[in-house]
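Below is model.pdb, holding PDB, C-alpha atoms, pLDDT in the B column.
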ATOM      1  CA  ASN A  49      16.380  -6.094 -22.409  1.00 62.00           C
ATOM      2  CA  ALA A  50      18.042  -2.796 -21.442  1.00 76.00           C
ATOM      3  CA  GLY A  51      15.074  -1.301 -19.514  1.00 94.00           C
ATOM      4  CA  VAL A  52      15.450   2.459 -19.038  1.00 97.00           C
ATOM      5  CA  THR A  53      18.701   3.990 -20.273  1.00 97.00           C
ATOM      6  CA  GLN A  54      19.813   7.449 -19.224  1.00 97.00           C
ATOM      7  CA  THR A  55      22.703   9.381 -20.678  1.00 97.00           C
ATOM      8  CA  PRO A  56      24.982  10.908 -19.627  1.00 97.00           C
ATOM      9  CA  LYS A  57      25.628   9.531 -16.131  1.00 96.00           C
ATOM     10  CA  PHE A  58      27.505  12.659 -15.051  1.00 97.00           C
ATOM     11  CA  GLN A  59      27.580  16.196 -16.407  1.00 97.00           C
ATOM     12  CA  VAL A  60      29.044  19.525 -15.359  1.00 97.00           C
ATOM     13  CA  LEU A  61      27.534  22.656 -16.880  1.00 97.00           C
ATOM     14  CA  LYS A  62      28.278  26.316 -16.599  1.00 97.00           C
ATOM     15  CA  THR A  63      25.486  28.671 -15.604  1.00 98.00           C
ATOM     16  CA  GLY A  64      23.498  29.670 -18.660  1.00 97.00           C
ATOM     17  CA  GLN A  65      24.451  26.671 -20.781  1.00 97.00           C
ATOM     18  CA  SER A  66      21.811  24.394 -22.228  1.00 96.00           C
ATOM     19  CA  MET A  67      21.782  20.644 -22.451  1.00 96.00           C
ATOM     20  CA  THR A  68      19.537  17.644 -22.971  1.00 98.00           C
ATOM     21  CA  LEU A  69      19.338  14.651 -20.690  1.00 98.00           C
ATOM     22  CA  GLN A  70      18.454  11.580 -22.691  1.00 98.00           C
ATOM     23  CA  CYS A  71      16.078   8.837 -21.626  1.00 98.00           C
ATOM     24  CA  ALA A  72      15.168   5.783 -23.676  1.00 98.00           C
ATOM     25  CA  GLN A  73      13.194   2.666 -22.816  1.00 97.00           C
ATOM     26  CA  ASP A  74      12.728  -0.524 -24.795  1.00 96.00           C
ATOM     27  CA  MET A  75       9.695  -1.922 -22.970  1.00 94.00           C
ATOM     28  CA  ASN A  76       7.054  -0.139 -25.059  1.00 94.00           C
ATOM     29  CA  HIS A  77       5.880   1.761 -21.971  1.00 95.00           C
ATOM     30  CA  GLU A  78       3.432   4.553 -22.713  1.00 94.00           C
ATOM     31  CA  TYR A  79       4.080   6.377 -19.432  1.00 95.00           C
ATOM     32  CA  MET A  80       7.433   8.089 -18.875  1.00 97.00           C
ATOM     33  CA  SER A  81       8.490  10.639 -16.312  1.00 97.00           C
ATOM     34  CA  TRP A  82      11.387  12.721 -15.026  1.00 98.00           C
ATOM     35  CA  TYR A  83      12.244  13.242 -11.360  1.00 98.00           C
ATOM     36  CA  ARG A  84      14.913  15.229  -9.618  1.00 98.00           C
ATOM     37  CA  GLN A  85      16.435  14.085  -6.345  1.00 98.00           C
ATOM     38  CA  ASP A  86      17.864  16.575  -3.888  1.00 96.00           C
ATOM     39  CA  PRO A  87      19.185  15.869  -0.370  1.00 91.00           C
ATOM     40  CA  GLY A  88      16.363  15.876   2.158  1.00 90.00           C
ATOM     41  CA  MET A  89      13.731  16.389  -0.546  1.00 92.00           C
ATOM     42  CA  GLY A  90      13.130  12.910  -1.906  1.00 94.00           C
ATOM     43  CA  LEU A  91      12.246  12.581  -5.583  1.00 97.00           C
ATOM     44  CA  ARG A  92      10.104  15.285  -7.087  1.00 97.00           C
ATOM     45  CA  LEU A  93       8.260  14.996 -10.381  1.00 97.00           C
ATOM     46  CA  ILE A  94       9.359  17.422 -13.103  1.00 98.00           C
ATOM     47  CA  HIS A  95       7.396  16.362 -16.199  1.00 98.00           C
ATOM     48  CA  TYR A  96       5.606  13.271 -17.392  1.00 97.00           C
ATOM     49  CA  SER A  97       4.108  11.834 -20.548  1.00 96.00           C
ATOM     50  CA  VAL A  98       1.323   9.328 -21.142  1.00 94.00           C
ATOM     51  CA  GLY A  99       2.196   8.731 -24.756  1.00 94.00           C
ATOM     52  CA  ALA A 100       3.820  10.129 -27.876  1.00 95.00           C
ATOM     53  CA  GLY A 101       2.825  13.755 -28.368  1.00 95.00           C
ATOM     54  CA  ILE A 102       1.423  14.137 -24.842  1.00 96.00           C
ATOM     55  CA  THR A 103       3.313  15.767 -21.989  1.00 97.00           C
ATOM     56  CA  ASP A 104       2.330  17.462 -18.756  1.00 96.00           C
ATOM     57  CA  GLN A 105       3.934  19.282 -15.845  1.00 96.00           C
ATOM     58  CA  GLY A 106       4.729  17.797 -12.503  1.00 95.00           C
ATOM     59  CA  GLU A 107       5.562  19.435  -9.205  1.00 94.00           C
ATOM     60  CA  VAL A 108       8.739  21.299 -10.250  1.00 97.00           C
ATOM     61  CA  PRO A 109       8.611  22.017 -14.015  1.00 97.00           C
ATOM     62  CA  ASN A 110      10.195  25.488 -14.132  1.00 96.00           C
ATOM     63  CA  GLY A 111      13.406  25.656 -16.135  1.00 96.00           C
ATOM     64  CA  TYR A 112      12.799  22.365 -17.918  1.00 98.00           C
ATOM     65  CA  ASN A 113      11.301  21.404 -21.262  1.00 97.00           C
ATOM     66  CA  VAL A 114      10.208  18.008 -22.553  1.00 98.00           C
ATOM     67  CA  SER A 115       8.813  16.527 -25.719  1.00 96.00           C
ATOM     68  CA  ARG A 116       7.745  13.028 -26.689  1.00 97.00           C
ATOM     69  CA  SER A 117       8.005  12.305 -30.382  1.00 97.00           C
ATOM     70  CA  THR A 118       8.317   8.524 -30.014  1.00 97.00           C
ATOM     71  CA  THR A 119       7.190   5.961 -27.457  1.00 96.00           C
ATOM     72  CA  GLU A 120      10.806   5.064 -26.684  1.00 97.00           C
ATOM     73  CA  ASP A 121      12.366   8.464 -25.993  1.00 98.00           C
ATOM     74  CA  PHE A 122      11.620  11.209 -23.487  1.00 98.00           C
ATOM     75  CA  PRO A 123      14.418  13.826 -23.386  1.00 98.00           C
ATOM     76  CA  LEU A 124      14.634  16.519 -20.723  1.00 98.00           C
ATOM     77  CA  ARG A 125      15.991  19.889 -21.792  1.00 98.00           C
ATOM     78  CA  LEU A 126      17.551  22.532 -19.607  1.00 97.00           C
ATOM     79  CA  LEU A 127      17.311  25.751 -21.571  1.00 92.00           C
ATOM     80  CA  SER A 128      19.562  27.933 -19.407  1.00 96.00           C
ATOM     81  CA  ALA A 129      21.139  26.004 -16.560  1.00 97.00           C
ATOM     82  CA  ALA A 130      21.157  27.502 -13.069  1.00 97.00           C
ATOM     83  CA  PRO A 131      23.001  26.350  -9.919  1.00 97.00           C
ATOM     84  CA  SER A 132      19.586  25.486  -8.419  1.00 97.00           C
ATOM     85  CA  GLN A 133      19.310  22.756 -11.039  1.00 98.00           C
ATOM     86  CA  THR A 134      22.264  20.895  -9.575  1.00 98.00           C
ATOM     87  CA  SER A 135      20.678  17.562  -8.761  1.00 98.00           C
ATOM     88  CA  VAL A 136      20.394  13.902  -9.620  1.00 98.00           C
ATOM     89  CA  TYR A 137      17.852  13.275 -12.349  1.00 98.00           C
ATOM     90  CA  PHE A 138      15.930  10.055 -12.812  1.00 98.00           C
ATOM     91  CA  CYS A 139      13.818   8.898 -15.707  1.00 98.00           C
ATOM     92  CA  ALA A 140      11.149   6.278 -15.009  1.00 97.00           C
ATOM     93  CA  SER A 141       8.574   4.422 -17.049  1.00 96.00           C
ATOM     94  CA  THR A 142       5.643   2.060 -16.680  1.00 94.00           C
ATOM     95  CA  GLU A 143       2.824   0.651 -18.738  1.00 88.00           C
ATOM     96  CA  LEU A 144      -0.117   3.003 -18.808  1.00 82.00           C
ATOM     97  CA  GLY A 145      -2.570   1.979 -16.126  1.00 80.00           C
ATOM     98  CA  GLN A 146      -0.007  -0.316 -14.518  1.00 81.00           C
ATOM     99  CA  GLY A 147       1.689   2.171 -12.232  1.00 82.00           C
ATOM    100  CA  GLY A 148       0.405   0.213  -9.277  1.00 83.00           C
ATOM    101  CA  TYR A 149       2.903  -2.498 -10.119  1.00 84.00           C
ATOM    102  CA  GLY A 150       5.839  -0.116  -9.854  1.00 86.00           C
ATOM    103  CA  TYR A 151       7.993   1.906 -12.176  1.00 93.00           C
ATOM    104  CA  THR A 152      11.232   1.000 -13.929  1.00 95.00           C
ATOM    105  CA  PHE A 153      13.927   3.572 -13.193  1.00 97.00           C
ATOM    106  CA  GLY A 154      17.025   4.560 -15.087  1.00 97.00           C
ATOM    107  CA  SER A 155      20.355   4.730 -13.270  1.00 96.00           C
ATOM    108  CA  GLY A 156      20.249   8.505 -12.970  1.00 97.00           C
ATOM    109  CA  THR A 157      22.235  11.515 -14.180  1.00 97.00           C
ATOM    110  CA  ARG A 158      24.217  13.570 -11.715  1.00 97.00           C
ATOM    111  CA  LEU A 159      24.225  17.166 -12.947  1.00 98.00           C
ATOM    112  CA  THR A 160      26.342  19.914 -11.467  1.00 98.00           C
ATOM    113  CA  VAL A 161      25.840  23.523 -12.545  1.00 98.00           C
ATOM    114  CA  VAL A 162      28.715  25.846 -11.654  1.00 97.00           C
TER     115      VAL A 162
ATOM    116  CA  ALA B 245      -3.234  16.991  -2.540  1.00 78.00           C
ATOM    117  CA  GLN B 246      -1.588  13.686  -1.875  1.00 86.00           C
ATOM    118  CA  THR B 247       1.416  13.698   0.416  1.00 93.00           C
ATOM    119  CA  VAL B 248       3.870  11.155   1.781  1.00 97.00           C
ATOM    120  CA  THR B 249       5.702  11.813   5.034  1.00 97.00           C
ATOM    121  CA  GLN B 250       8.761  10.013   6.360  1.00 97.00           C
ATOM    122  CA  SER B 251       9.559  11.414   9.776  1.00 96.00           C
ATOM    123  CA  GLN B 252      12.902   9.666  10.327  1.00 96.00           C
ATOM    124  CA  PRO B 253      15.676  11.257   8.229  1.00 96.00           C
ATOM    125  CA  GLU B 254      18.270   8.791   9.522  1.00 97.00           C
ATOM    126  CA  MET B 255      18.268   5.508  11.393  1.00 97.00           C
ATOM    127  CA  SER B 256      20.809   2.927  12.344  1.00 97.00           C
ATOM    128  CA  VAL B 257      20.577  -0.716  13.365  1.00 98.00           C
ATOM    129  CA  GLN B 258      22.967  -3.443  14.358  1.00 98.00           C
ATOM    130  CA  GLU B 259      23.503  -6.295  11.966  1.00 98.00           C
ATOM    131  CA  ALA B 260      21.011  -9.156  12.508  1.00 98.00           C
ATOM    132  CA  GLU B 261      18.578  -6.935  14.410  1.00 98.00           C
ATOM    133  CA  THR B 262      15.157  -5.685  13.317  1.00 98.00           C
ATOM    134  CA  VAL B 263      14.353  -2.115  12.326  1.00 98.00           C
ATOM    135  CA  THR B 264      11.114  -0.363  11.389  1.00 98.00           C
ATOM    136  CA  LEU B 265      10.905   2.635   9.078  1.00 98.00           C
ATOM    137  CA  SER B 266       7.830   4.833   9.336  1.00 98.00           C
ATOM    138  CA  CYS B 267       5.694   6.349   6.605  1.00 98.00           C
ATOM    139  CA  THR B 268       2.382   8.160   6.670  1.00 98.00           C
ATOM    140  CA  TYR B 269       0.398   9.425   3.721  1.00 97.00           C
ATOM    141  CA  ASP B 270      -2.606  11.543   2.994  1.00 95.00           C
ATOM    142  CA  THR B 271      -5.101  10.959   0.220  1.00 92.00           C
ATOM    143  CA  SER B 272      -8.779  11.058  -0.565  1.00 89.00           C
ATOM    144  CA  GLU B 273      -8.457   8.218  -3.070  1.00 88.00           C
ATOM    145  CA  SER B 274     -10.070   4.893  -2.281  1.00 86.00           C
ATOM    146  CA  ASN B 275      -7.911   2.885  -4.673  1.00 89.00           C
ATOM    147  CA  TYR B 276      -4.173   3.366  -4.390  1.00 93.00           C
ATOM    148  CA  TYR B 277      -0.842   1.609  -4.068  1.00 94.00           C
ATOM    149  CA  LEU B 278       2.040   2.054  -1.671  1.00 95.00           C
ATOM    150  CA  PHE B 279       5.672   1.177  -2.188  1.00 96.00           C
ATOM    151  CA  TRP B 280       9.015   1.058  -0.485  1.00 98.00           C
ATOM    152  CA  TYR B 281      12.007   1.719  -2.722  1.00 97.00           C
ATOM    153  CA  LYS B 282      15.615   1.130  -1.746  1.00 98.00           C
ATOM    154  CA  GLN B 283      18.425   3.308  -3.093  1.00 97.00           C
ATOM    155  CA  PRO B 284      21.884   1.962  -2.286  1.00 96.00           C
ATOM    156  CA  PRO B 285      25.034   4.032  -2.860  1.00 93.00           C
ATOM    157  CA  SER B 286      24.961   2.863  -6.485  1.00 93.00           C
ATOM    158  CA  ARG B 287      22.001   5.238  -6.886  1.00 94.00           C
ATOM    159  CA  GLN B 288      19.791   2.586  -8.469  1.00 95.00           C
ATOM    160  CA  MET B 289      16.124   2.662  -7.417  1.00 96.00           C
ATOM    161  CA  ILE B 290      15.055  -0.826  -6.347  1.00 95.00           C
ATOM    162  CA  LEU B 291      11.470  -1.782  -5.570  1.00 95.00           C
ATOM    163  CA  VAL B 292      11.449  -3.552  -2.212  1.00 97.00           C
ATOM    164  CA  ILE B 293       7.759  -4.143  -1.594  1.00 96.00           C
ATOM    165  CA  ARG B 294       4.331  -2.971  -2.711  1.00 95.00           C
ATOM    166  CA  GLN B 295       0.920  -2.922  -1.084  1.00 95.00           C
ATOM    167  CA  GLU B 296      -2.483  -2.603  -2.718  1.00 92.00           C
ATOM    168  CA  ALA B 297      -4.829  -0.506  -0.599  1.00 92.00           C
ATOM    169  CA  TYR B 298      -7.802  -2.779  -1.046  1.00 91.00           C
ATOM    170  CA  LYS B 299      -5.880  -5.780   0.279  1.00 89.00           C
ATOM    171  CA  GLN B 300      -5.998  -6.008   4.059  1.00 85.00           C
ATOM    172  CA  GLN B 301      -3.190  -8.534   4.253  1.00 91.00           C
ATOM    173  CA  ASN B 302       0.204  -6.973   4.830  1.00 93.00           C
ATOM    174  CA  ALA B 303       2.725  -7.583   2.048  1.00 93.00           C
ATOM    175  CA  THR B 304       5.859  -9.608   2.759  1.00 93.00           C
ATOM    176  CA  GLU B 305       9.003 -10.164   0.700  1.00 93.00           C
ATOM    177  CA  ASN B 306      11.532 -12.375   2.454  1.00 95.00           C
ATOM    178  CA  ARG B 307      13.019 -10.277   5.298  1.00 97.00           C
ATOM    179  CA  PHE B 308      10.915  -7.242   4.406  1.00 97.00           C
ATOM    180  CA  SER B 309       7.353  -6.771   5.584  1.00 97.00           C
ATOM    181  CA  VAL B 310       4.957  -3.891   5.955  1.00 97.00           C
ATOM    182  CA  ASN B 311       2.449  -2.848   8.566  1.00 97.00           C
ATOM    183  CA  PHE B 312      -0.350  -1.259   6.573  1.00 96.00           C
ATOM    184  CA  GLN B 313      -2.868   0.614   8.703  1.00 95.00           C
ATOM    185  CA  LYS B 314      -5.364   1.995   6.222  1.00 94.00           C
ATOM    186  CA  ALA B 315      -7.506   3.959   8.659  1.00 94.00           C
ATOM    187  CA  ALA B 316      -4.445   5.617  10.173  1.00 95.00           C
ATOM    188  CA  LYS B 317      -2.883   6.080   6.712  1.00 96.00           C
ATOM    189  CA  SER B 318       0.300   4.482   7.911  1.00 97.00           C
ATOM    190  CA  PHE B 319       2.647   2.219   5.963  1.00 97.00           C
ATOM    191  CA  SER B 320       5.753   1.168   7.881  1.00 98.00           C
ATOM    192  CA  LEU B 321       8.525  -1.118   6.651  1.00 98.00           C
ATOM    193  CA  LYS B 322      10.053  -3.754   8.904  1.00 98.00           C
ATOM    194  CA  ILE B 323      13.420  -5.211   8.018  1.00 98.00           C
ATOM    195  CA  SER B 324      14.243  -8.379   9.914  1.00 98.00           C
ATOM    196  CA  ASP B 325      17.723  -9.859  10.359  1.00 98.00           C
ATOM    197  CA  SER B 326      19.323  -6.673   9.004  1.00 98.00           C
ATOM    198  CA  GLN B 327      22.309  -7.159   6.737  1.00 98.00           C
ATOM    199  CA  LEU B 328      25.128  -4.812   5.785  1.00 97.00           C
ATOM    200  CA  GLY B 329      23.722  -4.746   2.249  1.00 97.00           C
ATOM    201  CA  ASP B 330      20.537  -3.174   3.580  1.00 98.00           C
ATOM    202  CA  THR B 331      22.454   0.063   4.121  1.00 98.00           C
ATOM    203  CA  ALA B 332      20.691   2.521   1.794  1.00 98.00           C
ATOM    204  CA  MET B 333      18.184   5.316   1.447  1.00 98.00           C
ATOM    205  CA  TYR B 334      14.635   4.050   1.701  1.00 98.00           C
ATOM    206  CA  PHE B 335      11.784   5.913   0.084  1.00 98.00           C
ATOM    207  CA  CYS B 336       8.110   5.441   0.764  1.00 98.00           C
ATOM    208  CA  ALA B 337       5.992   6.161  -2.316  1.00 96.00           C
ATOM    209  CA  PHE B 338       2.330   6.402  -3.228  1.00 94.00           C
ATOM    210  CA  ILE B 339       0.310   6.256  -6.415  1.00 93.00           C
ATOM    211  CA  GLY B 340      -3.372   7.085  -6.534  1.00 88.00           C
ATOM    212  CA  GLY B 341      -5.349   4.713  -8.736  1.00 74.00           C
ATOM    213  CA  SER B 342      -3.477   3.070 -11.562  1.00 62.00           C
ATOM    214  CA  GLN B 343      -2.869   6.170 -13.650  1.00 70.00           C
ATOM    215  CA  GLY B 344      -1.686   8.694 -11.100  1.00 82.00           C
ATOM    216  CA  ASN B 345       1.875   9.852 -10.682  1.00 91.00           C
ATOM    217  CA  LEU B 346       4.253   8.264  -8.201  1.00 94.00           C
ATOM    218  CA  ILE B 347       4.764  10.543  -5.187  1.00 95.00           C
ATOM    219  CA  PHE B 348       7.749  10.061  -2.872  1.00 97.00           C
ATOM    220  CA  GLY B 349       8.520  10.824   0.724  1.00 97.00           C
ATOM    221  CA  LYS B 350      11.770  12.542   1.608  1.00 97.00           C
ATOM    222  CA  GLY B 351      13.511   9.314   2.488  1.00 97.00           C
ATOM    223  CA  THR B 352      15.141   7.615   5.459  1.00 98.00           C
ATOM    224  CA  LYS B 353      18.858   6.907   5.427  1.00 97.00           C
ATOM    225  CA  LEU B 354      19.425   3.521   7.048  1.00 98.00           C
ATOM    226  CA  SER B 355      22.840   2.428   8.247  1.00 98.00           C
ATOM    227  CA  VAL B 356      23.417  -1.177   9.255  1.00 98.00           C
ATOM    228  CA  LYS B 357      26.377  -1.473  11.616  1.00 97.00           C
ATOM    229  CA  PRO B 358      28.495  -4.595  12.010  1.00 96.00           C
TER     230      PRO B 358
END

Kindly transcribe the structure held in the file into structure tokens.
Amino acid sequence: NAGVTQTPKFQVLKTGQSMTLQCAQDMNHEYMSWYRQDPGMGLRLIHYSVGAGITDQGEVPNGYNVSRSTTEDFPLRLLSAAPSQTSVYFCASTELGQGGYGYTFGSGTRLTVV
Amino acid sequence: AQTVTQSQPEMSVQEAETVTLSCTYDTSESNYYLFWYKQPPSRQMILVIRQEAYKQQNATENRFSVNFQKAAKSFSLKISDSQLGDTAMYFCAFIGGSQGNLIFGKGTKLSVKP
């Protein structure tokens, strides 16, 4: 049981480049989400999804796109990377309605935009 | 809006001693859940302990316990017999109901000194 798998673990981008951070879970969780972690800011919610075909914005959605075509996958797209998007990104999932029991987190992606 | 506040950016404790990390939150929800997550240098997010708001009894997990003061909206974490492996970032987190989004505080960096 792999849980939540994020790829890549590290990435360096040039300003203006685009890329997709991958997130996959094998627990059949309906709820998936993306957070970014910055020093002194904790984890802030970017986007989330409550099922295939359904996505919504979190606290800091600007500059990011998501889609959810399958239950398993929830990719995060940076359309035109900016230095302000340098961060550590976490994907997390849980069963819908079971968030009170905690989320399962991926191991994170450290992204540097130069 | 729901908020989570951790007022101690950094703390340190001697090995084998006890330390308490503070967390306050604000919500108008009557049903919610509170968590403490540990993030060691490996970056992995590890659930330490959870508390259901409607349960008056404070949660305990081995050396970790909470002091949940519902009226004061306070949720502190006590670590007893601190160990070097407890060195990590600790995040307080909140979820309103069972289908809300997980909201994090800014974190407390705990150093356990030999």

Counting all atoms listed in the file, chain A residues within 9 Å of chain B, as an MDAnalysis selection string: chainID A and resid 81 87:93 96 106 144:156

Could you save those same residues with C-alpha atoms as a CSV table (one decimal), in the coordinates of the input?
chain,number,residue,atom,x,y,z
A,81,SER,CA,8.5,10.6,-16.3
A,87,PRO,CA,19.2,15.9,-0.4
A,88,GLY,CA,16.4,15.9,2.2
A,89,MET,CA,13.7,16.4,-0.5
A,90,GLY,CA,13.1,12.9,-1.9
A,91,LEU,CA,12.2,12.6,-5.6
A,92,ARG,CA,10.1,15.3,-7.1
A,93,LEU,CA,8.3,15.0,-10.4
A,96,TYR,CA,5.6,13.3,-17.4
A,106,GLY,CA,4.7,17.8,-12.5
A,144,LEU,CA,-0.1,3.0,-18.8
A,145,GLY,CA,-2.6,2.0,-16.1
A,146,GLN,CA,0.0,-0.3,-14.5
A,147,GLY,CA,1.7,2.2,-12.2
A,148,GLY,CA,0.4,0.2,-9.3
A,149,TYR,CA,2.9,-2.5,-10.1
A,150,GLY,CA,5.8,-0.1,-9.9
A,151,TYR,CA,8.0,1.9,-12.2
A,152,THR,CA,11.2,1.0,-13.9
A,153,PHE,CA,13.9,3.6,-13.2
A,154,GLY,CA,17.0,4.6,-15.1
A,155,SER,CA,20.4,4.7,-13.3
A,156,GLY,CA,20.2,8.5,-13.0

Length of the atom CA of A:Leu124 to atom CA of A:Ala100 vector [Å]: 14.5 Å

Go through the shown structure with the PyMOL selection byres ((chain B and resi 307) around 6) and write out the matching residues as a CSV table (one decimal) with C-alpha atoms, in the coordinates of the input.
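And here's part-v6.csv as it stands now:
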chain,number,residue,atom,x,y,z
B,306,ASN,CA,11.5,-12.4,2.5
B,308,PHE,CA,10.9,-7.2,4.4
B,323,ILE,CA,13.4,-5.2,8.0
B,324,SER,CA,14.2,-8.4,9.9

Contacts of stretch 311-315 of chain B at 10 Å (all atoms listed in the file; same-chain gap of 5+ positions) as an MDAnalysis selection string: chainID B and resid 264 266:269 278 295:304 320:322

Residues within 8 Å of (20.5, 12.3, -11.4), file coordinates, counting all atoms listed in the file: what are they? Give the list as a short mmCIF file (atom, residue, chain, number, x, y, z; two decimals) with C-alpha atoms, in the coordinates of the input.
data_model
loop_
_atom_site.label_atom_id
_atom_site.label_comp_id
_atom_site.auth_asym_id
_atom_site.auth_seq_id
_atom_site.Cartn_x
_atom_site.Cartn_y
_atom_site.Cartn_z
CA LYS A 57 25.63 9.53 -16.13
CA PHE A 58 27.50 12.66 -15.05
CA ARG A 84 14.91 15.23 -9.62
CA GLN A 85 16.43 14.08 -6.34
CA SER A 135 20.68 17.56 -8.76
CA VAL A 136 20.39 13.90 -9.62
CA TYR A 137 17.85 13.28 -12.35
CA PHE A 138 15.93 10.06 -12.81
CA SER A 155 20.36 4.73 -13.27
CA GLY A 156 20.25 8.51 -12.97
CA THR A 157 22.24 11.52 -14.18
CA ARG A 158 24.22 13.57 -11.72
CA LEU A 159 24.22 17.17 -12.95
#

Polymer residues at most 9 Å from A:Ile102, only C-alpha atoms, same-chain spacing of 3 or more positions, as a PyMOL selection string: chain A and resi 96-99+115-117

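Atom pair atom CA of B:Ser309 / atom CA of B:Val257: separated by 16.5 Å.
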
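Minimum distance to B:Val356 across B:Leu328, B:Val292, B:Val248, B:Val263 (counting only C-alpha atoms) occurs at B:Leu328.
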
Interatomic distance (Å, one decimal) between atom CA of B:Ala260 and atom CA of B:Gly329: 11.5 Å

As a CSV table (one decimal) with C-alpha atoms, in the frame of the given file, please: the residues near B:Ser256 (cut-off 8 Å, all atoms listed in the file, same-chain neighbours under 4 positions excluded).
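After the write, selection21.csv holds the following:
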chain,number,residue,atom,x,y,z
B,354,LEU,CA,19.4,3.5,7.0
B,355,SER,CA,22.8,2.4,8.2
B,356,VAL,CA,23.4,-1.2,9.3
B,357,LYS,CA,26.4,-1.5,11.6

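The nearest approach to A:Glu78 among the residues A:Ala140, A:Leu61, A:Leu126, A:Val108, with all atoms listed in the file taken into account, belongs to A:Ala140.
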
Which of A:Thr160, A:Thr142, A:Lys62, A:Glu107 sits closest to A:Asp74 [using only C-alpha atoms]: A:Thr142
